[in-house]
Structure formats: C-alpha cells, structure tokens
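Colleague: For reference, the structure I am asking about is given below.
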There are 2 protein chains.
Amino acid sequence: MELWFKEEQTPHLGIVLRVKETLLRKRSGFQDIAVLDTLQYGRALVLDGIIQTTEGDEFAYHEMLVHVPLLTHPEPRRVLIVGGGDGGAVREVLRHPQVESVFLVEIDREVVEASRRFLPGLSCALDDPRVTVVYQDGAEFVAGAQGEFDVILVDSTDPVGPAVPLFRGPFYSAVARALRPDGLVVAQTESPFVNGPVISQVFGEVRQRFPVARVYLACVPTYPGGMWTFTLGSLRYDPLGPDTGLGRGRPVPSGLRYYSAQIHAAAFALPPFVAPLLGPGP
Amino acid sequence: MELWFKEEQTPHLGIVLRVKETLLRKRSGFQDIAVLDTLQYGRALVLDGIIQTTEGDEFAYHEMLVHVPLLTHPEPRRVLIVGGGDGGAVREVLRHPQVESVFLVEIDREVVEASRRFLPGLSCALDDPRVTVVYQDGAEFVAGAQGEFDVILVDSTDPVGPAVPLFRGPFYSAVARALRPDGLVVAQTESPFVNGPVISQVFGEVRQRFPVARVYLACVPTYPGGMWTFTLGSLRYDPLGPDTGLGRGRPVPSGLRYYSAQIHAAAFALPPFVAPLLGPGP
C-alpha cells in the first residue's frame with residue numbers, strides 16, 4: 001500500500017509526501033494536529049492540514065529565522081518567540097552564549113507536547129533552564145510587555161485562524177513597545193511566488209514602526225513556492241551595517257547547515273520581482 | 001470537476017497542480033510531450049511526466065541560467081544552448097546586444113514545435129535572425145565543435161534517458177574543446193535537497209577541466225526542493241572577479257524579474273549543507 005499526504009498549499013497547488021506512518025492525529029482546542037513520518041523529509045508536523053516543519057528541511061527555516069536577527073543584535077540577552085511550539089527556534093536561539101533567557105509563547109500546549117514526544121530533534125532545548133514556555137495567545141503576551149526584549153521572533157503559522165492578528169499593524173505596534181530601545185523583530189512572512197500580498201501587508205506595517213525595515217530570503221522546500229521571506233524591523237541596528245554582532249566579530253555558531261556570514265548578506269539581495277511587493281521607497 | 005496533474009519528483013515527493021485544460025499530449029520519437037494549462041503557474045511544458053518549465057516561474061530559471069554567464073563573459077558573441085527547446089534561454093541570451101549568434105541544439109523537434117504553438121512567451125525569440133536551431137543530440141554536436149563558442153549553456157532535462165551523457169565527464173571534455181580559449185559553460189545541475197549526487201558528479205567533472213569552477217543557486221518553485229543549482233566552468237573569467245562583463249561596467253538588461261547584479265553575487269553564497277557536495281577543495 002502507498003499512503004500519500006497531500007497539502008493543498010493554494011487552491012491550485014499542492015505538495016504530496018509519501019507517508020510511512022501516522023504517528024499522531026488529534027484535535028486540540030485550537031486545531032487539528034498530526035505528526036507524519038514521511039519518506040522524503042522524515043517526520044513532519046502538520047497543523048490543520050498544513051506542514052509546519054519537517055525534520056528534513058527545518059534547519060533552513062529555523063536557522064534563517066533565528067541567526068539573522070541574533071547576529072544582527074550585538075548582545076542578544078532576552079529573546080521572545082511567538083509561536084514556534086515545535087521548539088526548533090528555541091534550539092537555534094540557545095546556540096548563542098549571550099542569551100540569558102528565552103520566552104516561548106505558544107497558544108497550543110498540545111503542539112509543544114506533540115513535538116516533545118515525536119520531534120526530539122526540534123524540542124530538545126525546551127527543558128534548558130534559560131527557557132520559559134508560556135501557553136498564551138502571542139498577541140496578548142506581547143501587548144503586556146514593555147521594553148523587555150532584545151529580539152522578538154514571530155514563528156507563526158500561516159495568516160489564517162488564530163495567527164491572523166500576528167500579521168496586522170496593532171501587533172507590530174505592541175512588538176515595538178515590547179522591545180528594548182535597540183531591539184529588533186523578525187517575522188516569517190510567506191512566499192513571494194504565492195503570497196505576495198502578505199509580504200506587502202507586513203512590510204508596510206513594519207516600515208511604519210521601525211527605522212530599519214528589510215526583507216530577506218531563504219529556500220524552504222516544503223513551503224509553497226520554495227522561496228520564503230522573513231521581514232525584519234529594527235529600532236537601531238541594520239542587519240547589513242557595521243555595528244551588528246557579525247560586524248563586531250561575534251562568531252557564527254558552529255555546526256550550522258544553512259546560515260553563514262556569507263548567507264546573512266546574500267539573503268538580503270532580493271530579485272527584482274520581489275522588490276515591488278515592498279511598495280514605494282520610504 | 002477538478003483535474004490535477006501530479007509529478008512524482010522523487011519516489012517519495014511530488015507536486016500537484018490544478019489543470020484548466022490539457023493543450024497538448026503526444027509521443028515524439030524521444031519522449032511523451034504535454035502542455036498543460038495550470039491555474040497556479042500558467043502553461044506548463046511536461047516531458048515524460050516531469051515539469052520542464054511553466055509560464056509562472058520560468059523567469060527564475062532562465063534568467064539565472066543565462067545572465068550569470070553572459071555577464072561573466074566580457075564580450076559574449078557566440079553562444080550555444082544544449083537542450084532548451086522551449087526557447088526561454090534563447091530569449092534571455094538575445095537580451096545581450098553583444099550576441100551575434102545563438103545555436104540551439106535540441107534533440108527533439110517536437111518540443112520546439114510544442115513551444116512555438118503553446119508557449120509564445122518562451123519561444124518568441126526563436127525566429128530572430130541571430131538564432132540557428134539544430135535538431136541533433138547535444139553531446140554529438142558539441143563533440144564536433146572546436147574553439148567556437150564564448151558561452152555554452154546546458155539547459156537539459158533531468159539526468160535520465162537521452163540527457164544522461166550531459167552529466168558525464170566526456171561531455172565536459174568536449175565542452176572545454178568547443179569553447180574559445182576564454183569561454184565558459186553553465187549547466188543546470190538539480191536540487192541540493194533531493195539530488196545531491198548529481199551536483200557532486202558534475203562539479204567533479206567540471207573542476208577537473210576548468211580552472212574556475214563554481215556552483216550557484218536560485219529558487220525555482222516547480223522544481224523539486226525549490227532550491228536549484230547551476231554549475232559553472234570557466235577557462236578564464238571568474239564570475240566573482242573584477243574582469244567580468246559586470247565588473248567592466250556592462251549594464252544588466254532591463255526588464256528582468258529575477259537576476260540583478262546583487263543577485264549575481266549573492267547566488268554564489270552556498271549554505272554550509274551544499275558545500276560538502278562539492279567535495280574537498282582543489
């Protein structure tokens with residue numbers, strides 16, 4: 001028997017992955033949660049039918065979400081992750097010895113439990129003493145914070161259901177308030193090939209609130225369109241400027257598979273078809 | 001009714017595209033040829049069940065295949081394209097006013113005819129007086145050429161069937177002979193996420209025969225893994241050096257959607273997981 005999982009990434013496009021075994025299938029208070037063991041990319045976390053991450057390509061997404069901002073900030077001590085219940089972003093954040101505390105704010109406790117049970121390669125750092133896991137709506141948590149974080153990472157699902165507010169203006173106002181005066185935020189903002197309007201929307205909100213606003217790219221095979229964007233808003237440091245962590249000579253963590261100092265710079269080179277999504281210059 | 005095309009990109013991974021209409025389905029002497037009108041990416045050329053190119057993302061592939069070498073060579077006058085019967089590479093080559101002649105050597109006349117009929121946005125330049133279309137095996141054609149070309153582009157199908165020799169050492173020996181003494185070659189060499197051994201194989205062959213050997217990347221959504229590699233072998237000019245066309249100030253053609261001078265440089269930044277595919281240093 002051949003068992004295939006299909007994700008309809010848009011109404012007209014999908015990815016199919018051959019499945020060895022369904023390790024978990026349940027409904028939480030928020031969503032349908034599945035963990036599939038796929039032959040191509042190893043175990044995959046699937047929420048409401050949408051692949052969040054797989055063992056085979058999560059390194060591309062998590063390293064680029066995390067190390068670009070953590071090597072932009074010269075001294076990232078206190079980090080907040082909104083979403084990211086699988087733990088992959090936490091694992092990458094803790095590779096930086098400067099980090100003293102990480103708050104993971106995940107709305108759905110059962111996502112964290114699924115990852116602890118079935119994705120140990122991602123969830124392995126969740127028990128580190130520097131980590132606090134909070135089960136709360138990310139937008140609510142951020143609204144209650146004031147000048148506390150050096151870096152905020154928005155590791156959300158797609159802009160449907162509970163994640164919708166995370167792509168809107170009021171959230172980015174709250175993020176700017178929750179950051180220390182030289183803090184920065186990075187959010188995953190979907191594919192320029194198939195979700196252009198999301199990029200335009202978030203970049204517009206970020207640019208209104210942060211003196212430095214940039215988009216950068218990575219290839220993530222299991223996400224629609226392959227090419228993925230991250231939107232960065234910074235209150236002080238420019239990720240391509242001289243006063244970043246990288247620029248001041250902080251070393252890149254060892255053992256990375258996607259991020260490097262060269263990739264850091266290269267990721268900000270945007271193909272001409274992406275640039276118009278960012279709207280007219282400021 | 002919903003009609004879906006599925007390409008099994010590997011035995012364990014596939015892409016599915018919703019189809020409005022099957023415009024062409026036939027068997028040539030070499031392969032099964034189809035043109036599908038898809039809702040996500042427009043018309044798609046499908047050979048033996050494998051997507052070769054779509055109207056929606058062909059610009060990424062063709063611009064990166066062509067403009068990196070054509071802006072590396074300072075004065076590309078005579079260009080050979082092996083494969084590429086859809087015409088997209090020819091269209092991009094002719095954006096460079098230095099080009100005096102382009103030879104397109106395609107094994108299957110019916111691919112060219114299908115593209116002329118159904119993919120006018122790709123085949124539009126095939127009637128340009130600078131273009132000669134030759135229906136012949138590409139490896140045979142190259143074996144018969146001596147010091148004739150400034151740039152050779154290997155725009156092949158995947159390494160199965162008639163394309164297999166185009167990924168082997170003897171072909172690259174013939175390519176090196178077919179080039180002028182300062183010529184260069186670029187070949188499409190598949191995805192580092194799912195076809196690593198192909199990259200290792202071709203890069204190894206190219207490095208043995210060319211003083212400059214490099215791999216660069218682009219994101220092409222309809223190709224497996226999203227991230228695509230191109231392998232460049234050059235007898236003189238380094239694509240990142242100062243004496244390239246770009247370095248000497250030749251302008252980038254206008255109207256491009258993927259390639260830019262920034263992308264040219266950025267594309268050679270390889271994530272650490274790709275570097276080991278290139279083997280130990282020379």
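Every chain in the structure tokens has a letter given in the order shown (A, B, ...), and although residue numbers restart at 1 in each chain, ligands are simply numbered from 1 in the order shown.
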Report as a count of residues only the set of chain A residues whose atoms approach chain B to within 9 Å, with distances computed over only C-alpha atoms.
Modeller: 50
Colleague: Would you mind listing what lies within 6 Å of stretch 167-175 of chain A as a PyMOL selection string, with only C-alpha atoms counted and same-chain residues fewer than 6 positions away left out?
Modeller: chain A and resi 143+202+205
Colleague: Pick out the residues sitting within 8 Å of stretch 230-232 of chain A, and hand them over as a list in words; count only C-alpha atoms, and ignore anything fewer than 3 positions along from it in its own chain.
Modeller: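 Non-adjacent residues within range: Leu65, Pro69, Leu184, Val185, Val186, Ala187, Gln188, Thr189, Glu190, Ile199, Val202, Phe203, Val206, Val212, Ala213, Arg214, Val215, Tyr216 and Leu217 of chain A.
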Colleague: Those selected residues, please, written with N, CA and C atoms and delivered as a PDB file, in the first residue's frame.
Modeller:
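result.pdb, freshly written:
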ATOM      1  N   LEU A  65      15.457  32.066  10.346  1.00  0.00           N
ATOM      2  CA  LEU A  65      14.599  32.865  11.231  1.00  0.00           C
ATOM      3  C   LEU A  65      15.396  33.422  12.404  1.00  0.00           C
ATOM      4  N   PRO A  69      18.638  37.661  12.881  1.00  0.00           N
ATOM      5  CA  PRO A  69      18.484  38.687  13.945  1.00  0.00           C
ATOM      6  C   PRO A  69      19.472  38.510  15.096  1.00  0.00           C
ATOM      7  N   LEU A 184      15.018  44.307  18.009  1.00  0.00           N
ATOM      8  CA  LEU A 184      14.561  44.046  16.646  1.00  0.00           C
ATOM      9  C   LEU A 184      13.641  42.840  16.608  1.00  0.00           C
ATOM     10  N   VAL A 185      12.819  42.795  15.552  1.00  0.00           N
ATOM     11  CA  VAL A 185      11.864  41.719  15.364  1.00  0.00           C
ATOM     12  C   VAL A 185      12.081  41.099  13.990  1.00  0.00           C
ATOM     13  N   VAL A 186      11.898  39.788  13.915  1.00  0.00           N
ATOM     14  CA  VAL A 186      11.813  39.112  12.610  1.00  0.00           C
ATOM     15  C   VAL A 186      10.557  38.254  12.610  1.00  0.00           C
ATOM     16  N   ALA A 187       9.807  38.325  11.496  1.00  0.00           N
ATOM     17  CA  ALA A 187       8.609  37.502  11.334  1.00  0.00           C
ATOM     18  C   ALA A 187       8.709  36.693  10.052  1.00  0.00           C
ATOM     19  N   GLN A 188       8.191  35.467  10.091  1.00  0.00           N
ATOM     20  CA  GLN A 188       8.085  34.703   8.840  1.00  0.00           C
ATOM     21  C   GLN A 188       6.922  35.308   8.066  1.00  0.00           C
ATOM     22  N   THR A 189       7.151  35.582   6.772  1.00  0.00           N
ATOM     23  CA  THR A 189       6.114  36.278   6.005  1.00  0.00           C
ATOM     24  C   THR A 189       5.828  35.635   4.646  1.00  0.00           C
ATOM     25  N   GLU A 190       5.912  34.305   4.584  1.00  0.00           N
ATOM     26  CA  GLU A 190       5.352  33.577   3.442  1.00  0.00           C
ATOM     27  C   GLU A 190       6.165  33.764   2.145  1.00  0.00           C
ATOM     28  N   ILE A 199       3.319  39.674   2.251  1.00  0.00           N
ATOM     29  CA  ILE A 199       4.599  40.367   2.402  1.00  0.00           C
ATOM     30  C   ILE A 199       4.375  41.873   2.372  1.00  0.00           C
ATOM     31  N   VAL A 202       2.687  43.019   5.777  1.00  0.00           N
ATOM     32  CA  VAL A 202       3.546  43.040   6.968  1.00  0.00           C
ATOM     33  C   VAL A 202       4.679  44.050   6.799  1.00  0.00           C
ATOM     34  N   PHE A 203       5.283  44.083   5.625  1.00  0.00           N
ATOM     35  CA  PHE A 203       6.384  45.029   5.433  1.00  0.00           C
ATOM     36  C   PHE A 203       5.891  46.461   5.615  1.00  0.00           C
ATOM     37  N   VAL A 206       5.574  47.104   9.313  1.00  0.00           N
ATOM     38  CA  VAL A 206       6.879  47.174   9.982  1.00  0.00           C
ATOM     39  C   VAL A 206       7.579  48.483   9.629  1.00  0.00           C
ATOM     40  N   VAL A 212      14.561  50.784  10.728  1.00  0.00           N
ATOM     41  CA  VAL A 212      15.180  49.867   9.763  1.00  0.00           C
ATOM     42  C   VAL A 212      14.170  48.765   9.449  1.00  0.00           C
ATOM     43  N   ALA A 213      13.818  48.608   8.176  1.00  0.00           N
ATOM     44  CA  ALA A 213      12.881  47.560   7.766  1.00  0.00           C
ATOM     45  C   ALA A 213      13.447  46.876   6.530  1.00  0.00           C
ATOM     46  N   ARG A 214      13.572  45.573   6.599  1.00  0.00           N
ATOM     47  CA  ARG A 214      14.152  44.831   5.474  1.00  0.00           C
ATOM     48  C   ARG A 214      13.472  43.474   5.346  1.00  0.00           C
ATOM     49  N   VAL A 215      13.539  42.928   4.129  1.00  0.00           N
ATOM     50  CA  VAL A 215      13.061  41.571   3.869  1.00  0.00           C
ATOM     51  C   VAL A 215      14.248  40.730   3.429  1.00  0.00           C
ATOM     52  N   TYR A 216      14.308  39.497   3.908  1.00  0.00           N
ATOM     53  CA  TYR A 216      15.339  38.588   3.409  1.00  0.00           C
ATOM     54  C   TYR A 216      14.737  37.237   3.072  1.00  0.00           C
ATOM     55  N   LEU A 217      15.520  36.418   2.383  1.00  0.00           N
ATOM     56  CA  LEU A 217      15.003  35.198   1.747  1.00  0.00           C
ATOM     57  C   LEU A 217      15.753  33.945   2.173  1.00  0.00           C
TER      58      LEU A 217
END
Colleague: Here is a test: counting only C-alpha atoms, which residue of A:Arg43, A:Arg177, A:Arg236, A:Arg209 is nearest to A:Phe118?
Modeller: A:Arg43
Colleague: Counting only C-alpha atoms, what is within 7 Å of stretch 71-75 of chain B, bar same-chain residues fewer than 3 positions away, as a PyMOL selection string?
Modeller: chain B and resi 67-68+98+237+239+244-246
Colleague: Counting only C-alpha atoms, which of B:Leu126, B:Arg91, B:Ile50, B:Ala139 gets nearest to B:Ala163?
Modeller: B:Ala139
Colleague: For A:Arg180, find every residue with an atom within 9 Å (counting only C-alpha atoms), except residues of its own chain fewer than 3 positions away, and show them as an mmCIF file with N, CA and C atoms, in the first residue's frame.
Modeller:
data_model
loop_
_atom_site.group_PDB
_atom_site.id
_atom_site.type_symbol
_atom_site.label_atom_id
_atom_site.label_comp_id
_atom_site.auth_asym_id
_atom_site.auth_seq_id
_atom_site.Cartn_x
_atom_site.Cartn_y
_atom_site.Cartn_z
ATOM 1 N N GLN A 146 6.724 45.459 28.048
ATOM 2 C CA GLN A 146 7.209 46.839 27.843
ATOM 3 C C GLN A 146 8.729 46.869 27.901
ATOM 4 N N GLY A 147 9.381 47.141 26.782
ATOM 5 C CA GLY A 147 10.831 47.355 26.770
ATOM 6 C C GLY A 147 11.634 46.218 27.356
ATOM 7 N N GLU A 148 11.227 45.010 27.090
ATOM 8 C CA GLU A 148 11.831 43.859 27.777
ATOM 9 C C GLU A 148 12.777 43.017 26.932
ATOM 10 N N PHE A 149 12.576 43.019 25.609
ATOM 11 C CA PHE A 149 13.268 42.021 24.796
ATOM 12 C C PHE A 149 14.272 42.656 23.831
ATOM 13 N N ASP A 150 15.368 41.931 23.630
ATOM 14 C CA ASP A 150 16.340 42.353 22.617
ATOM 15 C C ASP A 150 15.884 41.922 21.226
ATOM 16 N N VAL A 151 15.345 40.716 21.181
ATOM 17 C CA VAL A 151 14.899 40.167 19.890
ATOM 18 C C VAL A 151 13.552 39.483 20.090
ATOM 19 N N ALA A 176 6.946 46.729 18.918
ATOM 20 C CA ALA A 176 7.911 47.836 19.059
ATOM 21 C C ALA A 176 7.991 48.279 20.528
ATOM 22 N N ARG A 177 6.856 48.301 21.224
ATOM 23 C CA ARG A 177 6.854 48.668 22.649
ATOM 24 C C ARG A 177 7.507 47.589 23.513
ATOM 25 N N GLY A 183 16.113 47.055 20.184
ATOM 26 C CA GLY A 183 15.684 45.708 19.832
ATOM 27 C C GLY A 183 15.276 45.552 18.377
ATOM 28 N N LEU A 184 15.018 44.307 18.009
ATOM 29 C CA LEU A 184 14.561 44.046 16.646
ATOM 30 C C LEU A 184 13.641 42.840 16.608
ATOM 31 N N LEU A 235 14.942 48.667 15.678
ATOM 32 C CA LEU A 235 14.921 50.016 16.242
ATOM 33 C C LEU A 235 16.284 50.705 16.131
#
Colleague: So that I can check the secondary structure, give me every residue of stretch 22-170 of chain B assigned strand (DSSP E or B) by backbone DSSP, as number ranges by chain.
Modeller: B: 22-27, 32-38, 42-47, 50-54, 78-83, 101-106, 131-135, 149-155
Colleague: Output C-alpha atoms of each residue in that selection to a file, as a compact mmCIF listing (two decimals), in the first residue's frame.
Modeller:
# COMPACT_ATOMS: atom_id res chain seq x y z
CA THR B 22 -4.67 19.77 -21.47
CA LEU B 23 -3.48 21.68 -24.52
CA LEU B 24 -1.23 19.02 -25.98
CA ARG B 25 -0.48 15.38 -25.31
CA LYS B 26 1.62 13.39 -27.75
CA ARG B 27 4.52 10.99 -28.11
CA ASP B 32 5.96 11.94 -24.02
CA ILE B 33 5.22 15.66 -24.54
CA ALA B 34 2.41 17.54 -22.81
CA VAL B 35 1.43 21.15 -22.40
CA LEU B 36 -0.95 21.74 -19.50
CA ASP B 37 -2.73 24.97 -18.67
CA THR B 38 -2.41 25.18 -14.87
CA GLY B 42 0.00 29.18 -16.27
CA ARG B 43 1.04 26.86 -19.06
CA ALA B 44 3.49 24.08 -18.21
CA LEU B 45 5.69 22.03 -20.54
CA VAL B 46 5.81 18.45 -19.25
CA LEU B 47 8.20 15.84 -20.72
CA ILE B 50 8.28 15.92 -15.50
CA ILE B 51 7.69 19.68 -15.46
CA GLN B 52 10.35 21.39 -17.57
CA THR B 53 9.12 24.93 -17.25
CA THR B 54 5.99 26.93 -16.50
CA ARG B 78 28.68 33.29 -29.98
CA VAL B 79 26.51 31.21 -27.68
CA LEU B 80 25.50 27.55 -27.76
CA ILE B 81 22.48 26.19 -25.92
CA VAL B 82 22.28 22.42 -25.47
CA GLY B 83 18.66 21.41 -24.95
CA SER B 101 24.77 34.21 -33.00
CA VAL B 102 22.98 31.61 -30.90
CA PHE B 103 22.88 27.92 -31.71
CA LEU B 104 20.08 25.97 -30.09
CA VAL B 105 20.76 22.24 -30.30
CA GLU B 106 17.66 20.35 -29.30
CA VAL B 131 19.32 32.12 -33.98
CA THR B 132 20.06 28.76 -35.62
CA VAL B 133 18.05 25.80 -34.40
CA VAL B 134 19.73 22.43 -34.93
CA TYR B 135 17.88 19.18 -34.28
CA PHE B 149 31.80 29.42 -28.53
CA ASP B 150 32.13 32.10 -25.89
CA VAL B 151 29.40 30.60 -23.73
CA ILE B 152 27.78 27.15 -23.67
CA LEU B 153 24.56 26.66 -21.71
CA VAL B 154 23.44 23.15 -20.81
CA ASP B 155 19.68 23.52 -20.46
